[in-house]
file run-v8.pdb (PDB, C-alpha atoms and all ligand atoms)
ATOM      1  CA  MET A   1     -26.838  -3.910  19.765
ATOM      2  CA  ALA A   2     -24.830  -4.607  16.638
ATOM      3  CA  THR A   3     -21.056  -4.341  16.674
ATOM      4  CA  THR A   4     -19.025  -2.732  13.894
ATOM      5  CA  LYS A   5     -15.824  -4.519  14.906
ATOM      6  CA  THR A   6     -13.681  -5.802  12.058
ATOM      7  CA  LYS A   7     -10.492  -7.665  11.191
ATOM      8  CA  ILE A   8      -7.799  -6.920   8.618
ATOM      9  CA  GLY A   9      -5.030  -9.503   8.374
ATOM     10  CA  ASN A  10      -4.231 -10.586  11.933
ATOM     11  CA  PHE A  11      -5.416  -7.283  13.381
ATOM     12  CA  GLU A  12      -8.743  -6.606  15.084
ATOM     13  CA  PHE A  13     -10.300  -3.148  15.191
ATOM     14  CA  GLU A  14     -13.085  -1.995  17.519
ATOM     15  CA  ASN A  15     -14.663  -0.085  14.626
ATOM     16  CA  CYS A  16     -14.600  -0.564  10.845
ATOM     17  CA  PHE A  17     -14.241   3.143  10.121
ATOM     18  CA  MET A  18     -11.073   5.160   9.626
ATOM     19  CA  ASN A  19      -9.908   8.249   7.724
ATOM     20  CA  ALA A  20      -8.862   8.094   4.101
ATOM     21  CA  ALA A  21      -5.214   8.972   3.495
ATOM     22  CA  GLY A  22      -4.936  12.682   2.917
ATOM     23  CA  VAL A  23      -7.712  13.710   5.311
ATOM     24  CA  TYR A  24      -7.074  14.515   8.994
ATOM     25  CA  CYS A  25      -3.648  12.877   8.843
ATOM     26  CA  TYR A  26      -1.058  15.491   7.855
ATOM     27  CA  ASP A  27       0.512  15.892  11.319
ATOM     28  CA  LYS A  28       0.347  14.654  14.939
ATOM     29  CA  ASN A  29      -2.376  17.163  15.796
ATOM     30  CA  GLU A  30      -4.734  15.864  13.107
ATOM     31  CA  LEU A  31      -3.880  12.202  13.731
ATOM     32  CA  GLU A  32      -4.461  12.677  17.476
ATOM     33  CA  GLN A  33      -8.001  13.914  16.707
ATOM     34  CA  VAL A  34      -8.700  10.689  14.779
ATOM     35  CA  ILE A  35      -7.206   8.580  17.600
ATOM     36  CA  ASN A  36      -9.530  10.324  20.053
ATOM     37  CA  SER A  37     -12.591   9.902  17.814
ATOM     38  CA  GLN A  38     -14.813   6.849  17.270
ATOM     39  CA  ALA A  39     -12.591   5.764  14.359
ATOM     40  CA  GLY A  40     -11.148   2.266  14.730
ATOM     41  CA  THR A  41      -7.740   3.350  13.478
ATOM     42  CA  PHE A  42      -6.062   5.881  11.184
ATOM     43  CA  VAL A  43      -3.846   6.020   8.114
ATOM     44  CA  THR A  44      -1.151   8.680   7.771
ATOM     45  CA  LYS A  45      -0.923  11.152   4.920
ATOM     46  CA  THR A  46       1.022   9.399   2.154
ATOM     47  CA  ALA A  47       4.649   9.863   3.167
ATOM     48  CA  THR A  48       7.501  10.295   0.691
ATOM     49  CA  LEU A  49      11.219   9.912   1.446
ATOM     50  CA  GLN A  50      11.706  13.688   1.841
ATOM     51  CA  SER A  51       9.042  16.145   2.993
ATOM     52  CA  ARG A  52       7.098  17.853   0.188
ATOM     53  CA  PRO A  53       5.319  21.229   0.046
ATOM     54  CA  GLY A  54       2.864  19.876  -2.512
ATOM     55  CA  ASN A  55       1.147  21.770  -5.298
ATOM     56  CA  PRO A  56       0.373  25.543  -5.364
ATOM     57  CA  GLU A  57      -2.822  26.645  -3.602
ATOM     58  CA  PRO A  58      -5.795  26.715  -3.930
ATOM     59  CA  ARG A  59      -5.506  22.938  -4.301
ATOM     60  CA  TYR A  60      -8.608  21.636  -2.487
ATOM     61  CA  HIS A  61     -12.229  22.647  -3.039
ATOM     62  CA  ASP A  62     -15.459  21.315  -1.548
ATOM     63  CA  THR A  63     -18.562  21.156  -3.744
ATOM     64  CA  THR A  64     -22.167  20.286  -2.960
ATOM     65  CA  LEU A  65     -21.667  16.709  -4.154
ATOM     66  CA  GLY A  66     -18.094  16.167  -2.959
ATOM     67  CA  SER A  67     -14.632  17.581  -3.520
ATOM     68  CA  ILE A  68     -11.836  18.124  -5.965
ATOM     69  CA  ASN A  69      -8.147  18.142  -4.944
ATOM     70  CA  SER A  70      -4.727  18.378  -6.421
ATOM     71  CA  MET A  71      -2.662  18.409  -3.232
ATOM     72  CA  GLY A  72       0.434  16.896  -4.842
ATOM     73  CA  LEU A  73       1.450  14.703  -1.884
ATOM     74  CA  PRO A  74       2.345  17.448   0.611
ATOM     75  CA  ASN A  75       3.742  15.681   3.674
ATOM     76  CA  LEU A  76       6.248  16.049   6.482
ATOM     77  CA  GLY A  77       8.457  13.239   5.231
ATOM     78  CA  PHE A  78       8.779   9.559   6.034
ATOM     79  CA  ASP A  79      10.811   9.944   9.258
ATOM     80  CA  TYR A  80       8.204  12.255  10.851
ATOM     81  CA  TYR A  81       5.424   9.688  10.455
ATOM     82  CA  LEU A  82       7.582   6.676  11.366
ATOM     83  CA  ASP A  83       8.787   8.390  14.556
ATOM     84  CA  TYR A  84       5.188   9.166  15.512
ATOM     85  CA  LEU A  85       3.970   5.636  14.719
ATOM     86  CA  LEU A  86       6.776   4.156  16.852
ATOM     87  CA  GLU A  87       5.860   6.542  19.700
ATOM     88  CA  LEU A  88       2.215   5.388  19.433
ATOM     89  CA  GLN A  89       3.350   1.753  19.733
ATOM     90  CA  LYS A  90       4.510   2.700  23.248
ATOM     91  CA  THR A  91       1.577   4.912  24.252
ATOM     92  CA  HIS A  92      -1.166   2.852  22.544
ATOM     93  CA  PRO A  93       0.336  -0.672  22.530
ATOM     94  CA  HIS A  94      -2.990  -2.386  21.821
ATOM     95  CA  ARG A  95      -3.867  -0.337  18.736
ATOM     96  CA  THR A  96      -2.776  -0.888  15.166
ATOM     97  CA  PHE A  97      -2.320   1.981  12.730
ATOM     98  CA  PHE A  98      -1.767   2.300   8.983
ATOM     99  CA  PHE A  99       1.260   3.941   7.382
ATOM    100  CA  SER A 100       0.637   5.298   3.856
ATOM    101  CA  LEU A 101       3.681   5.814   1.692
ATOM    102  CA  VAL A 102       5.028   5.992  -1.848
ATOM    103  CA  GLY A 103       8.314   6.965  -3.460
ATOM    104  CA  MET A 104       8.651   9.640  -6.103
ATOM    105  CA  SER A 105      10.570   6.952  -7.989
ATOM    106  CA  THR A 106      10.682   3.149  -7.907
ATOM    107  CA  GLU A 107      14.024   3.386  -6.131
ATOM    108  CA  ASP A 108      12.506   5.655  -3.489
ATOM    109  CA  THR A 109       9.591   3.273  -2.970
ATOM    110  CA  HIS A 110      12.007   0.418  -2.280
ATOM    111  CA  ALA A 111      14.112   2.629  -0.005
ATOM    112  CA  LEU A 112      10.985   3.549   1.997
ATOM    113  CA  LEU A 113       9.745  -0.029   2.317
ATOM    114  CA  LYS A 114      13.205  -1.294   3.299
ATOM    115  CA  LYS A 115      13.250   1.333   6.054
ATOM    116  CA  VAL A 116       9.838   0.097   7.250
ATOM    117  CA  GLN A 117      10.986  -3.522   7.069
ATOM    118  CA  GLU A 118      14.088  -2.738   9.136
ATOM    119  CA  SER A 119      12.166  -0.584  11.639
ATOM    120  CA  ASP A 120      10.185  -1.624  14.693
ATOM    121  CA  PHE A 121       6.902  -0.597  13.011
ATOM    122  CA  LYS A 122       4.284  -3.242  13.835
ATOM    123  CA  GLY A 123       1.299  -1.801  11.972
ATOM    124  CA  ILE A 124       0.037  -2.077   8.411
ATOM    125  CA  THR A 125       1.591  -0.343   5.393
ATOM    126  CA  GLU A 126      -0.622   1.138   2.649
ATOM    127  CA  LEU A 127       1.378   1.614  -0.557
ATOM    128  CA  ASN A 128      -0.240   4.410  -2.559
ATOM    129  CA  LEU A 129      -0.261   3.297  -6.186
ATOM    130  CA  SER A 130      -2.842   5.827  -7.288
ATOM    131  CA  CYS A 131      -2.071   9.477  -6.592
ATOM    132  CA  PRO A 132      -3.374  11.345  -9.648
ATOM    133  CA  ASN A 133      -1.965  14.747  -8.723
ATOM    134  CA  VAL A 134       1.817  14.809  -9.104
ATOM    135  CA  PRO A 135       2.438  16.493 -12.474
ATOM    136  CA  GLY A 136       4.285  14.138 -14.779
ATOM    137  CA  LYS A 137       3.727  11.120 -12.533
ATOM    138  CA  PRO A 138       1.222   8.464 -13.669
ATOM    139  CA  GLN A 139      -1.166   6.593 -11.394
ATOM    140  CA  ILE A 140       1.091   3.567 -11.008
ATOM    141  CA  ALA A 141      -1.678   0.949 -10.743
ATOM    142  CA  TYR A 142      -2.982   1.805 -14.204
ATOM    143  CA  ASP A 143       0.211   0.173 -15.508
ATOM    144  CA  LEU A 144      -0.301  -3.456 -14.463
ATOM    145  CA  GLU A 145       3.027  -4.667 -15.854
ATOM    146  CA  THR A 146       4.912  -2.105 -13.754
ATOM    147  CA  THR A 147       2.702  -2.848 -10.757
ATOM    148  CA  GLU A 148       3.350  -6.589 -10.976
ATOM    149  CA  LYS A 149       7.133  -6.047 -11.250
ATOM    150  CA  LEU A 150       7.060  -3.606  -8.321
ATOM    151  CA  LEU A 151       5.095  -5.996  -6.100
ATOM    152  CA  ALA A 152       7.312  -8.946  -7.039
ATOM    153  CA  ASP A 153      10.420  -6.959  -6.076
ATOM    154  CA  ILE A 154       8.795  -5.653  -2.862
ATOM    155  CA  PHE A 155       7.698  -9.068  -1.621
ATOM    156  CA  SER A 156      11.219 -10.415  -2.108
ATOM    157  CA  TYR A 157      12.224  -8.418   1.014
ATOM    158  CA  PHE A 158       9.096  -6.946   2.629
ATOM    159  CA  LYS A 159       7.603  -9.378   5.150
ATOM    160  CA  LYS A 160       5.288  -7.092   7.139
ATOM    161  CA  PRO A 161       1.540  -6.539   6.432
ATOM    162  CA  LEU A 162       1.144  -4.550   3.203
ATOM    163  CA  GLY A 163      -1.805  -3.352   1.159
ATOM    164  CA  VAL A 164      -2.188  -1.133  -1.870
ATOM    165  CA  LYS A 165      -4.335   1.989  -2.499
ATOM    166  CA  LEU A 166      -5.820   1.620  -5.958
ATOM    167  CA  PRO A 167      -7.273   4.002  -8.502
ATOM    168  CA  PRO A 168     -10.740   3.239  -9.840
ATOM    169  CA  TYR A 169     -10.880   0.830 -12.773
ATOM    170  CA  PHE A 170     -13.708   1.221 -15.267
ATOM    171  CA  ASP A 171     -13.486  -1.860 -17.478
ATOM    172  CA  ILE A 172     -14.417  -5.448 -16.543
ATOM    173  CA  VAL A 173     -11.346  -6.744 -18.374
ATOM    174  CA  HIS A 174      -9.189  -4.412 -16.242
ATOM    175  CA  PHE A 175     -10.806  -5.833 -13.068
ATOM    176  CA  ASP A 176      -9.897  -9.319 -14.347
ATOM    177  CA  GLN A 177      -6.325  -8.345 -15.240
ATOM    178  CA  ALA A 178      -5.684  -6.362 -12.045
ATOM    179  CA  ALA A 179      -7.111  -9.101  -9.808
ATOM    180  CA  ALA A 180      -4.928 -11.675 -11.572
ATOM    181  CA  VAL A 181      -1.885  -9.587 -10.621
ATOM    182  CA  PHE A 182      -2.891  -8.969  -7.014
ATOM    183  CA  ASN A 183      -3.744 -12.660  -6.463
ATOM    184  CA  LYS A 184      -0.089 -13.491  -7.089
ATOM    185  CA  PHE A 185       1.040 -11.695  -3.918
ATOM    186  CA  PRO A 186       0.500 -12.028  -0.153
ATOM    187  CA  LEU A 187      -1.288  -8.690   0.088
ATOM    188  CA  THR A 188      -3.042  -8.013   3.386
ATOM    189  CA  PHE A 189      -5.588  -5.780   1.635
ATOM    190  CA  ILE A 190      -6.390  -3.666  -1.330
ATOM    191  CA  ASN A 191      -8.065  -0.286  -0.868
ATOM    192  CA  CYS A 192     -10.633   0.749  -3.472
ATOM    193  CA  ILE A 193     -10.768   3.574  -4.481
ATOM    194  CA  ASN A 194      -8.574   6.619  -4.537
ATOM    195  CA  SER A 195     -10.140   9.781  -5.958
ATOM    196  CA  ILE A 196     -11.293   9.595  -9.568
ATOM    197  CA  GLY A 197      -8.348  11.306 -11.214
ATOM    198  CA  ASN A 198      -8.337  14.452 -13.302
ATOM    199  CA  GLY A 199     -11.876  15.680 -13.037
ATOM    200  CA  LEU A 200     -12.728  19.338 -13.604
ATOM    201  CA  VAL A 201     -14.990  21.536 -11.438
ATOM    202  CA  ILE A 202     -16.062  24.928 -12.713
ATOM    203  CA  GLU A 203     -17.689  27.794 -10.837
ATOM    204  CA  ASP A 204     -18.989  30.690 -12.915
ATOM    205  CA  GLU A 205     -16.326  30.812 -15.652
ATOM    206  CA  SER A 206     -13.337  29.481 -13.768
ATOM    207  CA  VAL A 207     -11.741  26.322 -12.482
ATOM    208  CA  VAL A 208     -11.660  26.139  -8.670
ATOM    209  CA  ILE A 209      -8.126  24.838  -7.990
ATOM    210  CA  LYS A 210      -4.792  26.202  -9.253
ATOM    211  CA  PRO A 211      -2.660  23.134 -10.122
ATOM    212  CA  LYS A 212      -2.869  21.510 -13.553
ATOM    213  CA  ASN A 213      -5.315  24.153 -14.871
ATOM    214  CA  GLY A 214      -7.940  22.920 -12.444
ATOM    215  CA  PHE A 215      -7.700  19.163 -13.062
ATOM    216  CA  GLY A 216      -7.922  17.189  -9.823
ATOM    217  CA  GLY A 217      -9.048  14.050  -8.035
ATOM    218  CA  ILE A 218     -12.792  13.832  -7.446
ATOM    219  CA  GLY A 219     -14.234  12.544  -4.172
ATOM    220  CA  GLY A 220     -17.568  12.438  -2.367
ATOM    221  CA  GLU A 221     -21.081  11.565  -3.542
ATOM    222  CA  TYR A 222     -19.958  11.708  -7.191
ATOM    223  CA  ILE A 223     -17.802   8.588  -6.819
ATOM    224  CA  LYS A 224     -19.826   6.123  -4.700
ATOM    225  CA  PRO A 225     -21.141   4.004  -7.643
ATOM    226  CA  THR A 226     -17.597   3.610  -8.987
ATOM    227  CA  ALA A 227     -16.203   2.897  -5.514
ATOM    228  CA  LEU A 228     -18.869   0.237  -4.827
ATOM    229  CA  ALA A 229     -18.234  -1.404  -8.202
ATOM    230  CA  ASN A 230     -14.484  -1.598  -7.572
ATOM    231  CA  VAL A 231     -14.973  -2.995  -4.054
ATOM    232  CA  HIS A 232     -17.362  -5.666  -5.314
ATOM    233  CA  ALA A 233     -15.443  -6.522  -8.491
ATOM    234  CA  PHE A 234     -12.294  -7.237  -6.501
ATOM    235  CA  TYR A 235     -14.205  -8.946  -3.691
ATOM    236  CA  LYS A 236     -15.527 -11.429  -6.252
ATOM    237  CA  ARG A 237     -12.098 -11.942  -7.875
ATOM    238  CA  LEU A 238      -9.497 -11.899  -5.084
ATOM    239  CA  ASN A 239      -8.358 -14.703  -2.794
ATOM    240  CA  SER A 240     -10.353 -14.353   0.426
ATOM    241  CA  SER A 241      -7.065 -13.772   2.285
ATOM    242  CA  ILE A 242      -6.819 -10.350   0.636
ATOM    243  CA  LYS A 243      -9.253  -8.082   2.446
ATOM    244  CA  ILE A 244     -10.920  -5.073   0.827
ATOM    245  CA  ILE A 245     -10.959  -1.573   2.265
ATOM    246  CA  GLY A 246     -13.807   0.475   0.814
ATOM    247  CA  THR A 247     -13.235   4.176   0.195
ATOM    248  CA  GLY A 248     -15.349   6.663  -1.709
ATOM    249  CA  GLY A 249     -18.680   8.393  -1.222
ATOM    250  CA  ILE A 250     -19.324   7.568   2.432
ATOM    251  CA  LEU A 251     -21.701  10.197   3.782
ATOM    252  CA  THR A 252     -24.025   8.018   5.850
ATOM    253  CA  GLY A 253     -24.383   4.669   7.562
ATOM    254  CA  GLN A 254     -26.287   3.485   4.503
ATOM    255  CA  ASP A 255     -23.288   4.258   2.274
ATOM    256  CA  ALA A 256     -21.054   2.263   4.630
ATOM    257  CA  PHE A 257     -23.600  -0.578   4.683
ATOM    258  CA  GLU A 258     -23.427  -0.713   0.883
ATOM    259  CA  HIS A 259     -19.611  -0.814   0.868
ATOM    260  CA  ILE A 260     -19.650  -3.725   3.329
ATOM    261  CA  LEU A 261     -22.436  -5.454   1.358
ATOM    262  CA  CYS A 262     -20.047  -5.233  -1.637
ATOM    263  CA  GLY A 263     -17.303  -6.919   0.393
ATOM    264  CA  ALA A 264     -15.457  -4.213   2.336
ATOM    265  CA  SER A 265     -13.973  -5.191   5.717
ATOM    266  CA  MET A 266     -12.983  -1.601   6.581
ATOM    267  CA  VAL A 267     -14.428   1.694   5.381
ATOM    268  CA  GLN A 268     -12.384   4.872   4.913
ATOM    269  CA  ILE A 269     -13.959   8.324   5.020
ATOM    270  CA  GLY A 270     -12.383  11.234   3.140
ATOM    271  CA  THR A 271     -14.471  14.122   1.830
ATOM    272  CA  THR A 272     -17.172  13.784   4.519
ATOM    273  CA  LEU A 273     -14.479  13.785   7.220
ATOM    274  CA  HIS A 274     -12.910  16.893   5.674
ATOM    275  CA  LYS A 275     -16.290  18.675   5.683
ATOM    276  CA  GLU A 276     -17.701  17.462   9.025
ATOM    277  CA  GLY A 277     -14.667  16.680  11.181
ATOM    278  CA  PRO A 278     -13.987  13.627  13.343
ATOM    279  CA  SER A 279     -17.500  13.671  14.865
ATOM    280  CA  ALA A 280     -18.560  12.121  11.538
ATOM    281  CA  PHE A 281     -17.169   8.787  12.767
ATOM    282  CA  GLU A 282     -19.643   8.623  15.659
ATOM    283  CA  ARG A 283     -22.598   9.718  13.508
ATOM    284  CA  ILE A 284     -21.902   7.258  10.701
ATOM    285  CA  THR A 285     -21.103   4.411  13.112
ATOM    286  CA  ASN A 286     -24.432   4.942  14.900
ATOM    287  CA  GLU A 287     -26.282   5.116  11.602
ATOM    288  CA  LEU A 288     -24.732   1.814  10.475
ATOM    289  CA  LYS A 289     -25.506   0.141  13.814
ATOM    290  CA  ALA A 290     -29.137   1.267  13.537
ATOM    291  CA  ILE A 291     -29.400  -0.285  10.069
ATOM    292  CA  MET A 292     -27.827  -3.526  11.316
ATOM    293  CA  ASP A 293     -30.148  -3.672  14.337
ATOM    294  CA  LYS A 294     -33.176  -3.108  12.104
ATOM    295  CA  LYS A 295     -32.082  -5.943   9.814
ATOM    296  CA  GLY A 296     -31.024  -8.268  12.627
ATOM    297  CA  TYR A 297     -27.315  -8.286  11.728
ATOM    298  CA  LYS A 298     -25.069  -8.680  14.803
ATOM    299  CA  THR A 299     -21.697  -8.255  13.103
ATOM    300  CA  ILE A 300     -20.558  -6.991   9.721
ATOM    301  CA  GLU A 301     -19.667 -10.568   8.758
ATOM    302  CA  ASP A 302     -23.410 -11.337   8.790
ATOM    303  CA  PHE A 303     -23.808  -9.350   5.559
ATOM    304  CA  ARG A 304     -20.301  -8.610   4.214
ATOM    305  CA  GLY A 305     -20.093  -9.430   0.519
ATOM    306  CA  LYS A 306     -23.689 -10.671   0.412
ATOM    307  CA  LEU A 307     -24.918  -8.232  -2.216
ATOM    308  CA  LYS A 308     -28.001  -9.652  -3.869
ATOM    309  CA  TYR A 309     -28.380  -9.868  -7.650
ATOM    310  CA  LEU A 310     -31.634  -9.780  -9.549
TER     311      LEU A 310
HETATM  312  O1  LIG A 401      -3.376   9.685  -3.610
HETATM  313  C1  LIG A 401      -3.823  10.836  -3.539
HETATM  314  N1  LIG A 401      -5.092  11.077  -3.902
HETATM  315  C2  LIG A 401      -5.613  12.311  -3.923
HETATM  316  O2  LIG A 401      -6.775  12.478  -4.317
HETATM  317  N2  LIG A 401      -4.844  13.369  -3.518
HETATM  318  C3  LIG A 401      -3.625  13.147  -2.871
HETATM  319  C4  LIG A 401      -2.610  14.227  -3.177
HETATM  320  O3  LIG A 401      -2.769  14.948  -4.180
HETATM  321  O4  LIG A 401      -1.647  14.299  -2.407
HETATM  322  N3  LIG A 401      -3.049  11.867  -3.115
END
call {"tool": "encode", "arguments": {"input": "run-v8.pdb", "output": "structure tokens"}}
result
Amino acid sequence: MATTKTKIGNFEFENCFMNAAGVYCYDKNELEQVINSQAGTFVTKTATLQSRPGNPEPRYHDTTLGSINSMGLPNLGFDYYLDYLLELQKTHPHRTFFFSLVGMSTEDTHALLKKVQESDFKGITELNLSCPNVPGKPQIAYDLETTEKLLADIFSYFKKPLGVKLPPYFDIVHFDQAAAVFNKFPLTFINCINSIGNGLVIEDESVVIKPKNGFGGIGGEYIKPTALANVHAFYKRLNSSIKIIGTGGILTGQDAFEHILCGASMVQIGTTLHKEGPSAFERITNELKAIMDKKGYKTIEDFRGKLKYL
């Protein structure tokens, strides 16, 4: 029987599936459900220095092919998630979890990361450089000069495992330029992709979410081709020490197989988890194992990154 174990940095995980930040991770109750599922680990909702109510509702809407959201980074605040993560280090000492965070300003981002650096947190930090839904705030990683300066400043003091959550890029030159920036830093991983920002879903004659006149991040089946392209583009360009987390359009084991074939070492599930609940981890894991068994792959390393070209 195939195993879907994986490794990110110096950490091993029993399963290469986890939630995507924003889904099943707002509070202890939701995170506990992911801990108790077949997921290999979890990532918290992106935490900001102070708690945030987020955008006006309705701000999330499922569609046949996926979802649209403009949550606006609602979260219980950095201290809530850090306290819980430190508690889990006592109750689940052999597990490693991800802490997603971002400041509402550059100063806040540094304040957050300095608090993590000074804390006893032993897990992995995911810096969210790609939220498309805070009015007036750009998706940071679309500004590569700012991103490079931010990472240079961060790595002058931050010595714990750190990765970045990226927006989708759509231009080969941007893949080249972004990879050249990321290769300058000791990143543990990059996570491709966040939702495709500022899409518009209409039902009858109306938008379906309230914030920003209905503009929101798109997830689900719609975004798998873009997610796969970003995973593979960076897999081919980054130093092998920087692992890739694949996020976007995972509905089945086949979708996960494709993300790993493109180079992903971990796969995050968002929209499908929101629709199906944590039982999706067991279903998708079993579907992937069945594909691996059929093809004679024992571990994900047997086919990771080995996408064939014509
Ligand atoms: O990074 C994010 N991506 C999303 O699609 N939505 C959330 C949010 O709006 O909080 N954040």
call {"tool": "resolve_selection", "arguments": {"input": "run-v8.pdb", "expression": "the PyMOL selection byres (((not hetatm)) within 9 of (chain A and resi 401))", "output": "PyMOL selection string"}}
result
chain A and resi 21-22+45-46+54-55+59+68-75+128-134+139+165-167+194-197+216-219
call {"tool": "resolve_selection", "arguments": {"input": "run-v8.pdb", "expression": "the PyMOL selection byres (((chain A and resi 227) around 8) and not hetatm)", "output": "number ranges by chain"}}
result
A: 168, 192-193, 223-226, 228-231, 246-249
call {"tool": "resolve_selection", "arguments": {"input": "run-v8.pdb", "expression": "the PyMOL selection byres (((chain A and resi 26) around 8) and not hetatm)", "output": "ChimeraX atom specification"}}
result
/A:22-25,27-28,30-31,44-45,75-76
call {"tool": "write_last_selection", "arguments": {"input": "run-v8.pdb", "atoms": "C-alpha atoms", "output": "PDB file, in the coordinates of the input"}}
result
ATOM      1  CA  GLY A  22      -4.936  12.682   2.917  1.00  0.00           C
ATOM      2  CA  VAL A  23      -7.712  13.710   5.311  1.00  0.00           C
ATOM      3  CA  TYR A  24      -7.074  14.515   8.994  1.00  0.00           C
ATOM      4  CA  CYS A  25      -3.648  12.877   8.843  1.00  0.00           C
ATOM      5  CA  ASP A  27       0.512  15.892  11.319  1.00  0.00           C
ATOM      6  CA  LYS A  28       0.347  14.654  14.939  1.00  0.00           C
ATOM      7  CA  GLU A  30      -4.734  15.864  13.107  1.00  0.00           C
ATOM      8  CA  LEU A  31      -3.880  12.202  13.731  1.00  0.00           C
ATOM      9  CA  THR A  44      -1.151   8.680   7.771  1.00  0.00           C
ATOM     10  CA  LYS A  45      -0.923  11.152   4.920  1.00  0.00           C
ATOM     11  CA  ASN A  75       3.742  15.681   3.674  1.00  0.00           C
ATOM     12  CA  LEU A  76       6.248  16.049   6.482  1.00  0.00           C
TER      13      LEU A  76
END
call {"tool": "closest_residue", "arguments": {"input": "run-v8.pdb", "among": "A:Asn19, A:Thr188, A:Thr106, A:Thr6", "to": "Ala39 in chain A", "atoms": "all atoms listed in the file"}}
result
A:Asn19
call {"tool": "closest_residue", "arguments": {"input": "run-v8.pdb", "among": "A:Leu113, A:Leu251, A:Leu261, A:Leu307", "to": "Leu82 in chain A", "atoms": "all atoms listed in the file"}}
result
A:Leu113
call {"tool": "residues_around", "arguments": {"input": "run-v8.pdb", "residues": "Leu162 in chain A", "least_positions_apart": "5", "cutoff": "9 Å", "atoms": "only C-alpha atoms", "output": "PyMOL selection string"}}
result
chain A and resi 124-127+186-190
call {"tool": "closest_residue", "arguments": {"input": "run-v8.pdb", "among": "A:Val267, A:Ala179, A:Leu288, A:Glu258", "to": "Lys236 in chain A", "atoms": "all atoms listed in the file"}}
result
A:Ala179
call {"tool": "residues_around", "arguments": {"input": "run-v8.pdb", "residues": "range 201-210 of chain A", "least_positions_apart": "5", "cutoff": "7 Å", "atoms": "only C-alpha atoms", "output": "ChimeraX atom specification"}}
result
/A:56-61
call {"tool": "atom_distance", "arguments": {"input": "run-v8.pdb", "atom1": "CA of Leu112 in chain A", "atom2": "CA of Gly77 in chain A"}}
result
10.5 Å
call {"tool": "closest_residue", "arguments": {"input": "run-v8.pdb", "among": "A:His232, A:Lys5, A:Lys295, A:Lys243", "to": "Tyr169 in chain A", "atoms": "only C-alpha atoms"}}
result
A:His232
call {"tool": "residues_around", "arguments": {"input": "run-v8.pdb", "residues": "range 88-96 of chain A", "least_positions_apart": "6", "cutoff": "12 Å", "atoms": "all atoms listed in the file", "output": "PyMOL selection string"}}
result
chain A and resi 7-15+18+28+31-32+35-36+39-43+81-82+120-125+161
